[in-house]
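Asks: Please read through the structure below; I'll follow up with questions.
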Amino acid sequence: MRQAAIVNAAVFALLVAVALVAHVLGAPYVVTLATKAAIFAMAGVGLNLALGYGGMVSFGHAAFFGIGGYVTGIFASHAAAGTPVLTLPFTVAGSAEMLGIWPMVAVVTALAAMVIGALSLRTTGVYFIMVTLAFAQMVYYFAISWRAYGGEDGLSFYVRNSFPGLNTFAPIQFFAIAAALLALAMGFVALVTRSRFGLALQAARANPQRVMASGIRPFALRLTAFVLSAVIVGLAGSLYADLNRFVSPAMLSWHMSGEIMVFVILGGVGRLAGPVAGAGVFILLEQVLGGVSDYWQALLGLLLLAIVLYAPGGILGLLPGGRRHV
């Protein structure tokens, strides 16, 4: 357990060190890449709660990533225009404050996850994968047809939302926000998975019949984990929208679901810091291999194939203390 904690802390510290060194050396682009890695890692941490600990192979978490982005963009654009987001049944004003937007992101994402999860979890295996994908595609095509907020052209809100005491336009300060939320997400997942709820969830993944025999409903466990997972991914989507000051249906596409799953698999399924390592390596490969070939995804695919065949525990599984479920 101590070795696992050291590995988790070292992976997170490495990400922070990259951003700090880049800031000192005057390389804001690298700081932005580290911020992107932190945001993607947070999305991976959220999916890992459902996939790694709950055994729910969801191919629809891009829906929650995109919902978080769209809620952020909609609130920010209405705040800039001075118009309310809703007028009925009550008035909801726009907001350009991250601390005002994040609770709305959490609420909307949780509601969407409750509906999607309650229906999807009535299936298992490949059927669950396809149902979650179908829901994500429904949200994707809804966003494309939503002309009020840009349709397939997306929605730009130009001014990054603010955070008390920080200049969110400064790359290193925005990275600090993303890294802090990532640390909170990792800490939350660690607490959840080590709690009685987390142990029951992992037991339901391993043997649902025995869990039912003990008087615990696996459906309730999985639905709760699914909703918590979605909220974390939604908050990551909010940060990603703020990073780019733009949100588009691409955030909702099945490609994004696949990328988030790649972060988890690459770093290590069921490992707390696995998505952090996976997202960091993904961003690094994107930059390095992208300069070698326009088909760098094919090279990434070969790497993934090698990991699945020869290192099923992912990158962290190759390290001392990188064991599963830490």
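FYI, nothing fancy with the structure tokens labels: chains A, B, ... in order, residues from 1 per chain, ligands from 1 as they appear.
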Using only C-alpha atoms, find each residue of region 97-182 of chain A with at least one atom at most 9 Å away from an atom of region 30-35 of chain A; report its shortest atom-to-atom pair and that distance in Å (one decimal), sort the rows by chain and rising residue number, and return the result as JSON lines.

Replies:
```
{"residue": "A:Pro171", "atom": "CA", "partner": "A:Thr32", "partner_atom": "CA", "distance": 6.1}
{"residue": "A:Ile172", "atom": "CA", "partner": "A:Val31", "partner_atom": "CA", "distance": 6.3}
{"residue": "A:Phe174", "atom": "CA", "partner": "A:Thr35", "partner_atom": "CA", "distance": 7.5}
{"residue": "A:Phe175", "atom": "CA", "partner": "A:Thr35", "partner_atom": "CA", "distance": 4.9}
{"residue": "A:Ala176", "atom": "CA", "partner": "A:Thr35", "partner_atom": "CA", "distance": 8.3}
{"residue": "A:Ile177", "atom": "CA", "partner": "A:Thr35", "partner_atom": "CA", "distance": 9.0}
{"residue": "A:Ala178", "atom": "CA", "partner": "A:Thr35", "partner_atom": "CA", "distance": 6.4}
{"residue": "A:Ala179", "atom": "CA", "partner": "A:Thr35", "partner_atom": "CA", "distance": 7.5}
```

Asks: Could you give me, as an MDAnalysis selection string, the residues within 12 Å of Ile67 (chain A), counting only C-alpha atoms and dropping anything in the same chain fewer than 3 positions from it?

Replies: chainID A and resid 60:64 70:74 102 104:113 136 139:140 142:143 230:241 247:253

Asks: Give the answer as one residue: which of A:Ser58, A:Ala38, A:Tyr53, A:Phe65 has the shortest atom-to-atom distance to Arg194 (chain A), using only C-alpha atoms?

Replies: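 The answer is A:Tyr53, which sits nearest to Arg194 (chain A).
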
Asks: Given only C-alpha atoms as the basis, pick out the residue of A:Leu309, A:Leu86, A:Met98, A:Leu285 nearest to Thr168 (chain A).

Replies: A:Met98

Asks: Distance CA of Ala80 (chain A)-CA of Gly100 (chain A), one decimal place?

Replies: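 Those two atoms sit 14.5 Å apart.
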
Asks: Could you tell me how far CA of Gln202 (chain A) sits from CA of Ile6 (chain A), in Å to one decimal place?

Replies: 22.9 Å

Asks: I want to know what sits within 7 Å of Ile260 (chain A), based on only C-alpha atoms, with residues of the same chain fewer than 4 positions away left out; could you give that as a PDB file with N, CA and C atoms, in the first residue's frame?

Replies:
```pdb
ATOM      1  N   ALA A  43     -10.677  13.256 -16.568  1.00  0.00           N
ATOM      2  CA  ALA A  43     -11.737  12.506 -17.245  1.00  0.00           C
ATOM      3  C   ALA A  43     -11.483  11.006 -17.127  1.00  0.00           C
ATOM      4  N   GLY A  44     -10.213  10.612 -17.272  1.00  0.00           N
ATOM      5  CA  GLY A  44      -9.862   9.204 -17.135  1.00  0.00           C
ATOM      6  C   GLY A  44     -10.081   8.689 -15.722  1.00  0.00           C
ATOM      7  N   MET A 256     -14.125  10.756 -28.685  1.00  0.00           N
ATOM      8  CA  MET A 256     -13.722  11.239 -27.369  1.00  0.00           C
ATOM      9  C   MET A 256     -13.898  10.154 -26.323  1.00  0.00           C
ATOM     10  N   VAL A 264      -7.161   5.391 -19.752  1.00  0.00           N
ATOM     11  CA  VAL A 264      -7.269   4.426 -18.658  1.00  0.00           C
ATOM     12  C   VAL A 264      -6.491   3.156 -18.975  1.00  0.00           C
TER      13      VAL A 264
END
```

Asks: For Gly55 (chain A), find every residue with an atom within 10 Å (counting only C-alpha atoms), except residues of its own chain fewer than 5 positions away, and show them as a VMD selection string.

Replies: chain A and resid 48 to 50 125 201 to 202 204 to 206 222 269 to 270

Asks: Name the residues in contact with region 158-165 of chain A at a cut-off of 6 Å, using only C-alpha atoms, excluding same-chain residues fewer than 4 positions from it; report them as number ranges by chain.

Replies: A: 96-98, 242, 245

Asks: Considering only C-alpha atoms, state which residue in the set A:Ala170, A:Ile129, A:Ala279, A:Leu266 is at the smallest distance from Ile307 (chain A).

Replies: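 Of the candidates, the smallest distance to Ile307 (chain A) is held by A:Leu266.
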
Asks: Name the residues of region 111-231 of chain A that fall into helix (DSSP H, G or I) according to DSSP on the backbone, using the chain letters and numbers of this document, as a PyMOL selection string.

Replies: chain A and resi 111-120+125-145+147-149+151-153+171-194+196-206+208-213+218-231

Asks: Point out the residue among A:Ala190, A:Gly54, A:Val288, A:Ala93 with the least atom-to-atom distance to Pro208 (chain A), counting only C-alpha atoms.

Replies: A:Gly54

Asks: Quick one: residues within 12 Å of Ala298 (chain A), only C-alpha atoms, excluding same-chain residues fewer than 5 positions away - as a list in words?

Replies: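 Contacts, with the query itself left out: Leu285, Glu286, Leu289, Gly290, Val292, Ser293, Leu303, Leu304 and Leu305 of chain A.
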
Asks: Write a file of the selected residues as a PDB file, in the first residue's frame, keeping N, CA and C atoms.

Replies:
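What ended up in out_29.pdb:
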```pdb
ATOM      1  N   LEU A 285       2.934  11.377 -26.931  1.00  0.00           N
ATOM      2  CA  LEU A 285       2.973  10.663 -28.203  1.00  0.00           C
ATOM      3  C   LEU A 285       2.312  11.484 -29.313  1.00  0.00           C
ATOM      4  N   GLU A 286       1.243  12.187 -28.961  1.00  0.00           N
ATOM      5  CA  GLU A 286       0.569  13.033 -29.950  1.00  0.00           C
ATOM      6  C   GLU A 286       1.510  14.086 -30.499  1.00  0.00           C
ATOM      7  N   LEU A 289       4.861  11.794 -32.149  1.00  0.00           N
ATOM      8  CA  LEU A 289       4.507  11.024 -33.334  1.00  0.00           C
ATOM      9  C   LEU A 289       3.776  11.869 -34.373  1.00  0.00           C
ATOM     10  N   GLY A 290       3.083  12.913 -33.910  1.00  0.00           N
ATOM     11  CA  GLY A 290       2.397  13.802 -34.847  1.00  0.00           C
ATOM     12  C   GLY A 290       3.355  14.496 -35.779  1.00  0.00           C
ATOM     13  N   VAL A 292       6.045  13.029 -36.855  1.00  0.00           N
ATOM     14  CA  VAL A 292       6.642  11.977 -37.688  1.00  0.00           C
ATOM     15  C   VAL A 292       5.713  11.591 -38.824  1.00  0.00           C
ATOM     16  N   SER A 293       4.420  11.474 -38.501  1.00  0.00           N
ATOM     17  CA  SER A 293       3.461  11.022 -39.501  1.00  0.00           C
ATOM     18  C   SER A 293       2.080  11.587 -39.202  1.00  0.00           C
ATOM     19  N   LEU A 303       1.045   0.568 -30.146  1.00  0.00           N
ATOM     20  CA  LEU A 303       1.485   0.622 -28.753  1.00  0.00           C
ATOM     21  C   LEU A 303       0.408   0.060 -27.830  1.00  0.00           C
ATOM     22  N   LEU A 304      -0.841   0.431 -28.080  1.00  0.00           N
ATOM     23  CA  LEU A 304      -1.943  -0.088 -27.269  1.00  0.00           C
ATOM     24  C   LEU A 304      -2.056  -1.602 -27.393  1.00  0.00           C
ATOM     25  N   LEU A 305      -1.873  -2.088 -28.609  1.00  0.00           N
ATOM     26  CA  LEU A 305      -1.936  -3.526 -28.837  1.00  0.00           C
ATOM     27  C   LEU A 305      -0.845  -4.240 -28.045  1.00  0.00           C
TER      28      LEU A 305
END
```

Asks: Using only C-alpha atoms, pick whichever of A:Ala9, A:Gly94, A:Met186, A:Leu300 has the shortest atom-to-atom distance to Gln287 (chain A).

Replies: A:Leu300

Asks: DSSP on the backbone, then: every residue of region 46-191 of chain A marked strand (DSSP E), written as a list in words.

Replies: Pro84, Val85, Leu86, Val92, Ala93, Leu155 and Ser156 of chain A

Asks: Deliver the residues from the most recent selection as a file, using N, CA, C and O atoms, as an mmCIF file, in the first residue's frame.

Replies:
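Result went into selection_13.cif, see below:
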```cif
data_model
loop_
_atom_site.group_PDB
_atom_site.id
_atom_site.type_symbol
_atom_site.label_atom_id
_atom_site.label_comp_id
_atom_site.auth_asym_id
_atom_site.auth_seq_id
_atom_site.Cartn_x
_atom_site.Cartn_y
_atom_site.Cartn_z
ATOM 1 N N PRO A 84 -30.550 35.770 -19.318
ATOM 2 C CA PRO A 84 -30.663 34.581 -18.460
ATOM 3 C C PRO A 84 -30.592 33.292 -19.279
ATOM 4 O O PRO A 84 -30.985 33.258 -20.442
ATOM 5 N N VAL A 85 -30.119 32.246 -18.647
ATOM 6 C CA VAL A 85 -30.083 30.937 -19.301
ATOM 7 C C VAL A 85 -31.493 30.372 -19.387
ATOM 8 O O VAL A 85 -31.892 29.810 -20.409
ATOM 9 N N LEU A 86 -32.269 30.511 -18.300
ATOM 10 C CA LEU A 86 -33.651 30.061 -18.241
ATOM 11 C C LEU A 86 -34.519 31.170 -17.665
ATOM 12 O O LEU A 86 -34.053 31.977 -16.849
ATOM 13 N N VAL A 92 -32.721 31.591 -14.276
ATOM 14 C CA VAL A 92 -31.352 31.161 -14.006
ATOM 15 C C VAL A 92 -30.431 32.065 -14.803
ATOM 16 O O VAL A 92 -30.481 32.086 -16.041
ATOM 17 N N ALA A 93 -29.619 32.838 -14.102
ATOM 18 C CA ALA A 93 -28.741 33.793 -14.768
ATOM 19 C C ALA A 93 -27.477 33.108 -15.261
ATOM 20 O O ALA A 93 -27.077 32.057 -14.759
ATOM 21 N N LEU A 155 -19.710 26.431 -30.134
ATOM 22 C CA LEU A 155 -20.005 27.679 -29.428
ATOM 23 C C LEU A 155 -18.721 28.265 -28.858
ATOM 24 O O LEU A 155 -18.031 27.622 -28.067
ATOM 25 N N SER A 156 -18.403 29.483 -29.268
ATOM 26 C CA SER A 156 -17.234 30.193 -28.728
ATOM 27 C C SER A 156 -17.691 31.186 -27.675
ATOM 28 O O SER A 156 -18.712 31.862 -27.847
#
```
